[in-house]
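Peer 1: To start, I am sharing the structure in question, which I have written as structure tokens.
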Amino acid sequence: MFGLGLLAGGALVGVGYAVTPIPAAHDVAVSEATMVYYGNGKPIGKLAEENRVAVPLNKVPKHVQMAVLAAENRDFYTEPGVSPRGLARAIWGVATGGYAGGGSTITQQYSKVAFLSPEQTISRKLKEMFIAIKLDRQRSKDWILEQYLNTIYFGRGAYGIQAAADAYFHKPVGKLTPSQGAMLASLIQLPEYYSLPENRGELVQRWRYVIDGMVKMGQVSPEQVARMRPAEFRKERADNAFAGQRGYLMRRTITELQQLGFSEDMIYRRGLRVHTTFDPRLQMYARQAVEEARPEDWPAKVQTGLVAVEPRTGEVLAEYGGRNYLKHQYDNAFMAAPQAGSAFKPYVLAAALEDGIGLDSMVDGSSPQTFKGGYRVSNDGNVNYGPITLTRATQKSVNTAYVNLAMKVGLSKVMETAEEAGIPAETLEPHAGRAGMALGIASVRPVEQAAGFATFASGGMYAEPHVVRRVEDSDGNLQKQVTPQTHRAFSADVAADTTYAMQQVVRGGTATAARLSDRPAAGKTGTTDKNKAAWFVGFTPQISTAVAMFHQDGKSLIGLPGYSEIYGGTVPASIWNAFMERAMANKPVEQFPQRADVGITQLYATPTPTATPTPSVTATPKPTIPGPEWSEEPWPGYSEEPEEPEEDPGFPFGTDDEPTEESNTVPRRSDE
């Protein structure tokens with residue numbers, strides 16, 4: 001029975017070998033560019049369109065060839081096309097649910113990459129073996145090595161040794177040094193991992209393994225090795241497909257595809273069709289709004305980030321990450337994180353409303369005030385507002401009132417509410433327990449603020465921002481449909497009342513420059529200590545948009561040509577207005593929900609009663625026309641004041657026990 005089993009197994013292997021063909025040489029290793037599209041189906045650009053340049057083996061230096069063999073298959077020229085031991089280990093790994101890689105010869109690797117799918121199955125490993133054996137018998141070793149060197153993936157979107165030489169060292173393969181060749185050979189095992197700067201230490205270890213193999217193979221001498229050092233990679237170079245604004249959209253799309261589980265090989269080689277959420281019309285409006293508001297004589301390091309989000313789905317409709325990706329690859333919309341300043345206050349207000357504290361509640365807005373621990377807070381210009389309602393404190397961005405409110409609600413509740421609206425916990429935790437959280441000492445990204453304020457626009461439902469809508473393969477088959485990730489952050493009534501207060505900011509508060517011509521808008525300004533950053537974040541029911549300005553070196557915005565100081569209500573609010581006027585044109589006018597009046601009125605500060613004058617007995621009072629009572633709305637003849645910059649909260653980062661002795665300013669982290 002055992003003998004019969006062996007004969008049957010051998011027969012099956014023979015049949016498998018006989019029926020497994022080798023594709024024609026011109027069909028080998030054909031890769032297809034991935035296409036990225038706007039939401040309306042128009043193309044944004046291609047990925048890996050020209051990142052493969054085949055070269056004959058005689059154009060590849062011998063030391064580069066030998067480095068690859070030292071890394072992947074030191075007995076390539078003497079052993080058969082398969083490694084029986086490695087193949088048995090791989091099949092056992094698949095059968096037992098373990099790791100199926102490792103132990104493959106270069107011929108097997110080439111067979112897998114050129115002809116087969118990356119699935120981990122026994123049948124695929126057997127096909128790999130059959131093709132490798134046939135290749136080894138029908139083709140020369142040099143032919144196989146040449147095809148392998150022109151096919152294998154090296155990271156950075158580079159397929160083949162020529163593209164890799166250009167991607168990592170900005171030179172043709174023929175000019176690679178032995179050290180550089182060994183570095184590229186070291187990447188092959190884990191290109192996506194080893195190519196990252198933070199993993200260079202492990203890459204160098206792999207490089208030493210390759211160099212040691214070259215010594216054993218007689219390709220370099222120990223004396224040469226003693227003089228060799230691991231080569232340094234050149235900075236990743238963006239091509240013209242990433243020029244201008246497109247580069248930010250393409251790079252963000254790549255990042256999100258990786259987060260969705262697509263490997264770099266799939267992204268750059270498998271001909272995906274990626275449909276994004278970006279609106280080309282809104283993209284144009286974003287660029288126009290920013291660049292029209294920016295004087296030409298401003299320093300290049302003064303940066304602006306803009307993000308527009310659809311509130312109900314979290315789809316990112318537009319982003320402005322910088323003037324040109326080729327010159328500034330740090331995305332101001334998704335990567336920059338300046339301090340939020342008073343643009344954080346709506347989360348404090350939402351926390352208070354959730355806690356049952358109504359909009360008409362009175363808090364102390366007098367200035368200056370000293371809080372527990374000796375921390376001193378003042379309003380802009382040291383304006384003493386006295387007892388003030390929460391609506392009015394929001395409209396005028398009153399620092400002392402908001403610190404008092406945060407103390408009443410509890411800082412842990414404020415943190416919880418901000419997290420529910422999408423502000424990452426790791427951003428807030430360094431400031432846990434610090435009253436300065438109410439004044440926005442935490443650093444946030446524009447995309448986080450746009451999505452956070454979108455929560456108010458959508459009635460309290462948070463939707464995670466994203467840029468990929470769906471992914472198809474080259475034949476149009478659906479590979480991934482992105483479903484909006486939502487959760488309820490707070491009640492619809494809380495969202496309605498917070499929105500009502502923020503409407504007053506635009507109608508007659510610190511952001512009148514943002515007021516739209518034909519529809520209601522709500523939002524909040526933010527200006528950080530020493531004018532290092534300025535924000536306006538606002539929304540209509542259909543779109544939430546965040547605009548942030550900052551200096552990339554953490555310097556102040558004071559003294560820019562044309563402006564003595566930059567506040568959230570000046571340039572950022574004007575950019576927001578210019579973008580939203582265009583974005584909302586021809587869209588139906590939607591109204592915000594009516595004020596819900598959640599909670600009850602709390603008198604944490606008592607208004608000073610006004611004495612009623614006693615009329616003279618002899619005087620005849622003149623008739624008067626009764627005027628309207630004070631309201632949150634701008635009154636007739638109201639003179640709009642310029643935005644008041646929020647003062648430094650006066651809370652040191654280092655300790656909660658003692659105030660700083662030198663000044664009341666808060667040490668700030670760099671905006672980078």
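FYI, nothing fancy with the structure tokens labels: chains A, B, ... in order, residues from 1 per chain, ligands from 1 as they appear.
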Would you kindly return, as a list in words, each protein, DNA or RNA residue with an atom no farther than 7 Å from any atom of Gly356 in chain A, considering only C-alpha atoms and excluding same-chain residues fewer than 4 positions away?

Peer 2: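 Everything that qualifies: Ala352, Val598, Gly599 and Ile600 of chain A.
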
Peer 1: With a distance cut-off of 9 Å and only C-alpha atoms, select the neighbouring residues of Asp265 in chain A, excluding the residue or stretch itself and same-chain residues fewer than 3 positions from it, and output the selection as a ChimeraX atom specification.

Peer 2: /A:153,155,157,262,268-270

Peer 1: Selected residues, C-alpha atoms, written as a PDB file, in the first residue's frame, please.

Peer 2:
ATOM      1  CA  TYR A 153       9.958  44.857  -6.075  1.00  0.00           C
ATOM      2  CA  GLY A 155       9.925  49.480  -2.325  1.00  0.00           C
ATOM      3  CA  GLY A 157       7.175  51.963  -6.010  1.00  0.00           C
ATOM      4  CA  PHE A 262      -3.597  47.108   0.307  1.00  0.00           C
ATOM      5  CA  TYR A 268       1.757  50.230  -7.556  1.00  0.00           C
ATOM      6  CA  ARG A 269       1.554  47.123  -9.742  1.00  0.00           C
ATOM      7  CA  ARG A 270      -1.863  45.490  -9.882  1.00  0.00           C
TER       8      ARG A 270
END

Peer 1: Report, in Å to a single decimal, how far apart CA of Thr427 in chain A and CA of Ser443 in chain A are.

Peer 2: 6.5 Å

Peer 1: Using only C-alpha atoms, can you tell me which of A:Asn586, A:Asp497, A:Ser195, A:Ala522 comes closest to Gly538 in chain A?

Peer 2: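 Of the candidates, the smallest distance to Gly538 in chain A is held by A:Ala522.
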
Peer 1: Find the residues around Ala164 in chain A up to 9 Å (only C-alpha atoms counted), leave out those fewer than 6 positions away in its own chain, and share them as a PDB file with C-alpha atoms, in the first residue's frame.

Peer 2:
ATOM      1  CA  ASN A  51       8.654  53.062 -12.712  1.00  0.00           C
ATOM      2  CA  ARG A  52      10.008  49.959 -14.437  1.00  0.00           C
ATOM      3  CA  TYR A 153       9.958  44.857  -6.075  1.00  0.00           C
ATOM      4  CA  PHE A 154      12.330  47.072  -4.064  1.00  0.00           C
ATOM      5  CA  GLY A 155       9.925  49.480  -2.325  1.00  0.00           C
ATOM      6  CA  ARG A 156       9.245  53.157  -3.087  1.00  0.00           C
ATOM      7  CA  GLY A 157       7.175  51.963  -6.010  1.00  0.00           C
ATOM      8  CA  ALA A 158      10.309  50.719  -7.805  1.00  0.00           C
ATOM      9  CA  HIS A 170      19.246  58.884  -8.068  1.00  0.00           C
ATOM     10  CA  PRO A 172      21.566  54.407 -13.119  1.00  0.00           C
ATOM     11  CA  VAL A 173      22.292  50.863 -12.037  1.00  0.00           C
ATOM     12  CA  LEU A 184      19.380  47.406  -2.595  1.00  0.00           C
TER      13      LEU A 184
END

Peer 1: Report as a PyMOL selection string all protein, DNA and RNA residues lying within 6 Å of Ala308 in chain A, evaluated on only C-alpha atoms, omitting residues in the same chain fewer than 6 positions from it.

Peer 2: chain A and resi 316-318+544-545

Peer 1: Which one is closest to Met407 in chain A: A:Arg392, A:Arg434, A:His275, A:Lys42? Count only C-alpha atoms.

Peer 2: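 Of A:Arg392, A:Arg434, A:His275, A:Lys42, the one nearest Met407 in chain A is A:Arg434, counting only C-alpha atoms.
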
Peer 1: Taking the DSSP assignment computed from this structure's backbone, write out as a PyMOL selection string all residues of range 127-319 of chain A that belong to strand (DSSP E or B).

Peer 2: chain A and resi 153+159+270+273-276+302-309+315-319

Peer 1: Can I get the selected residues back with N, CA and C atoms, as a tab-separated table (two decimals), in the first residue's frame?

Peer 2:
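And here is the file that came out, part_25.tsv:
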chain	number	residue	atom	x	y	z
A	153	TYR	N	10.36	43.57	-6.67
A	153	TYR	CA	9.96	44.86	-6.07
A	153	TYR	C	10.95	45.27	-4.99
A	159	TYR	N	10.10	48.85	-9.35
A	159	TYR	CA	10.18	47.46	-9.80
A	159	TYR	C	11.39	47.31	-10.70
A	270	ARG	N	-0.76	46.37	-9.52
A	270	ARG	CA	-1.86	45.49	-9.88
A	270	ARG	C	-3.00	46.18	-10.63
A	273	ARG	N	-8.23	50.49	-9.61
A	273	ARG	CA	-8.99	51.68	-9.98
A	273	ARG	C	-9.56	52.26	-8.68
A	274	VAL	N	-8.96	53.35	-8.23
A	274	VAL	CA	-9.29	53.91	-6.92
A	274	VAL	C	-10.17	55.14	-7.10
A	275	HIS	N	-11.37	55.09	-6.59
A	275	HIS	CA	-12.31	56.21	-6.67
A	275	HIS	C	-12.32	56.95	-5.33
A	276	THR	N	-11.93	58.21	-5.36
A	276	THR	CA	-11.81	58.99	-4.12
A	276	THR	C	-13.05	59.86	-3.91
A	302	VAL	N	5.31	80.56	6.03
A	302	VAL	CA	3.96	80.78	6.56
A	302	VAL	C	3.03	79.85	5.79
A	303	GLN	N	2.45	78.90	6.49
A	303	GLN	CA	1.70	77.83	5.86
A	303	GLN	C	0.20	77.94	6.14
A	304	THR	N	-0.58	77.38	5.23
A	304	THR	CA	-2.03	77.32	5.37
A	304	THR	C	-2.51	75.92	5.07
A	305	GLY	N	-3.41	75.43	5.90
A	305	GLY	CA	-4.06	74.14	5.65
A	305	GLY	C	-5.56	74.33	5.61
A	306	LEU	N	-6.22	73.65	4.67
A	306	LEU	CA	-7.68	73.72	4.55
A	306	LEU	C	-8.22	72.33	4.29
A	307	VAL	N	-9.30	71.98	4.96
A	307	VAL	CA	-9.99	70.70	4.73
A	307	VAL	C	-11.48	70.93	4.76
A	308	ALA	N	-12.18	70.37	3.77
A	308	ALA	CA	-13.65	70.43	3.73
A	308	ALA	C	-14.20	69.01	3.80
A	309	VAL	N	-15.17	68.80	4.68
A	309	VAL	CA	-15.71	67.46	4.96
A	309	VAL	C	-17.22	67.48	4.81
A	315	GLU	N	-16.78	62.12	4.23
A	315	GLU	CA	-16.01	62.19	2.99
A	315	GLU	C	-15.28	63.53	2.90
A	316	VAL	N	-13.98	63.47	2.62
A	316	VAL	CA	-13.18	64.68	2.44
A	316	VAL	C	-13.40	65.18	1.02
A	317	LEU	N	-14.01	66.35	0.90
A	317	LEU	CA	-14.36	66.89	-0.41
A	317	LEU	C	-13.21	67.66	-1.04
A	318	ALA	N	-12.38	68.29	-0.21
A	318	ALA	CA	-11.26	69.07	-0.73
A	318	ALA	C	-10.24	69.25	0.38
A	319	GLU	N	-9.00	69.43	-0.04
A	319	GLU	CA	-7.95	69.76	0.92
A	319	GLU	C	-6.90	70.64	0.25

Peer 1: Leaving out Tyr325 in chain A and any residue of its chain fewer than 2 positions from it, which residues lie within 6 Å of it when counting only C-alpha atoms, given as a PDB file with N, CA and C atoms, in the first residue's frame?

Peer 2:
ATOM      1  N   ALA A 243       2.980  66.828  -8.941  1.00  0.00           N
ATOM      2  CA  ALA A 243       3.190  68.268  -8.939  1.00  0.00           C
ATOM      3  C   ALA A 243       1.938  69.006  -8.489  1.00  0.00           C
ATOM      4  N   GLY A 244       2.155  70.182  -7.884  1.00  0.00           N
ATOM      5  CA  GLY A 244       1.052  71.037  -7.480  1.00  0.00           C
ATOM      6  C   GLY A 244       0.193  70.409  -6.408  1.00  0.00           C
ATOM      7  N   GLY A 247      -0.323  66.166  -5.852  1.00  0.00           N
ATOM      8  CA  GLY A 247       0.553  65.356  -5.021  1.00  0.00           C
ATOM      9  C   GLY A 247      -0.028  65.078  -3.652  1.00  0.00           C
ATOM     10  N   LYS A 327       7.634  70.698  -3.733  1.00  0.00           N
ATOM     11  CA  LYS A 327       8.489  71.575  -2.935  1.00  0.00           C
ATOM     12  C   LYS A 327       8.171  71.507  -1.443  1.00  0.00           C
ATOM     13  N   HIS A 328       6.970  71.062  -1.107  1.00  0.00           N
ATOM     14  CA  HIS A 328       6.550  71.033   0.303  1.00  0.00           C
ATOM     15  C   HIS A 328       5.721  69.769   0.507  1.00  0.00           C
ATOM     16  N   GLN A 329       6.369  68.686   0.919  1.00  0.00           N
ATOM     17  CA  GLN A 329       5.696  67.395   1.013  1.00  0.00           C
ATOM     18  C   GLN A 329       5.051  67.142   2.374  1.00  0.00           C
TER      19      GLN A 329
END

Peer 1: If you run DSSP on the backbone, which residues of range 572-606 of chain A are helix (DSSP H, G or I), as a ChimeraX atom specification?

Peer 2: /A:572-584

Peer 1: Would you save the residues from that selection as a PDB file, in the first residue's frame, using N, CA and C atoms?

Peer 2:
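File written: part_32.pdb
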ATOM      1  N   PRO A 572      -7.800  83.753   8.173  1.00  0.00           N
ATOM      2  CA  PRO A 572      -8.464  82.442   8.097  1.00  0.00           C
ATOM      3  C   PRO A 572      -9.961  82.541   7.827  1.00  0.00           C
ATOM      4  N   ALA A 573     -10.658  83.484   8.493  1.00  0.00           N
ATOM      5  CA  ALA A 573     -12.095  83.635   8.263  1.00  0.00           C
ATOM      6  C   ALA A 573     -12.379  84.096   6.840  1.00  0.00           C
ATOM      7  N   SER A 574     -11.505  84.954   6.302  1.00  0.00           N
ATOM      8  CA  SER A 574     -11.690  85.426   4.927  1.00  0.00           C
ATOM      9  C   SER A 574     -11.476  84.290   3.927  1.00  0.00           C
ATOM     10  N   ILE A 575     -10.469  83.433   4.171  1.00  0.00           N
ATOM     11  CA  ILE A 575     -10.244  82.268   3.301  1.00  0.00           C
ATOM     12  C   ILE A 575     -11.456  81.348   3.347  1.00  0.00           C
ATOM     13  N   TRP A 576     -11.942  81.098   4.556  1.00  0.00           N
ATOM     14  CA  TRP A 576     -13.115  80.232   4.722  1.00  0.00           C
ATOM     15  C   TRP A 576     -14.291  80.789   3.945  1.00  0.00           C
ATOM     16  N   ASN A 577     -14.524  82.087   4.068  1.00  0.00           N
ATOM     17  CA  ASN A 577     -15.640  82.717   3.376  1.00  0.00           C
ATOM     18  C   ASN A 577     -15.496  82.596   1.862  1.00  0.00           C
ATOM     19  N   ALA A 578     -14.287  82.869   1.342  1.00  0.00           N
ATOM     20  CA  ALA A 578     -14.070  82.807  -0.103  1.00  0.00           C
ATOM     21  C   ALA A 578     -14.302  81.396  -0.630  1.00  0.00           C
ATOM     22  N   PHE A 579     -13.854  80.394   0.121  1.00  0.00           N
ATOM     23  CA  PHE A 579     -14.052  79.008  -0.299  1.00  0.00           C
ATOM     24  C   PHE A 579     -15.525  78.632  -0.226  1.00  0.00           C
ATOM     25  N   MET A 580     -16.163  78.929   0.906  1.00  0.00           N
ATOM     26  CA  MET A 580     -17.536  78.470   1.109  1.00  0.00           C
ATOM     27  C   MET A 580     -18.538  79.208   0.221  1.00  0.00           C
ATOM     28  N   GLU A 581     -18.314  80.477  -0.072  1.00  0.00           N
ATOM     29  CA  GLU A 581     -19.213  81.179  -0.989  1.00  0.00           C
ATOM     30  C   GLU A 581     -19.254  80.464  -2.332  1.00  0.00           C
ATOM     31  N   ARG A 582     -18.094  80.022  -2.816  1.00  0.00           N
ATOM     32  CA  ARG A 582     -18.039  79.323  -4.092  1.00  0.00           C
ATOM     33  C   ARG A 582     -18.570  77.900  -3.965  1.00  0.00           C
ATOM     34  N   ALA A 583     -18.201  77.228  -2.868  1.00  0.00           N
ATOM     35  CA  ALA A 583     -18.603  75.832  -2.697  1.00  0.00           C
ATOM     36  C   ALA A 583     -20.115  75.690  -2.531  1.00  0.00           C
ATOM     37  N   MET A 584     -20.740  76.678  -1.879  1.00  0.00           N
ATOM     38  CA  MET A 584     -22.176  76.581  -1.601  1.00  0.00           C
ATOM     39  C   MET A 584     -23.032  77.172  -2.717  1.00  0.00           C
TER      40      MET A 584
END

Peer 1: Compare A:Leu349, A:Ala340, A:Met284, A:Ala393 by their minimum atom-to-atom distance to Leu428 in chain A, counting only C-alpha atoms, and give me the closest one.

Peer 2: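 The shortest atom-to-atom distance to Leu428 in chain A comes from A:Ala340.
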
Peer 1: Of the candidates A:Gln138, A:Thr512, A:Thr483, A:Asn73, which shows the shortest atom-to-atom distance to Ile106 in chain A, using only C-alpha atoms?

Peer 2: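 Result for the nearest residue to Ile106 in chain A: A:Asn73.
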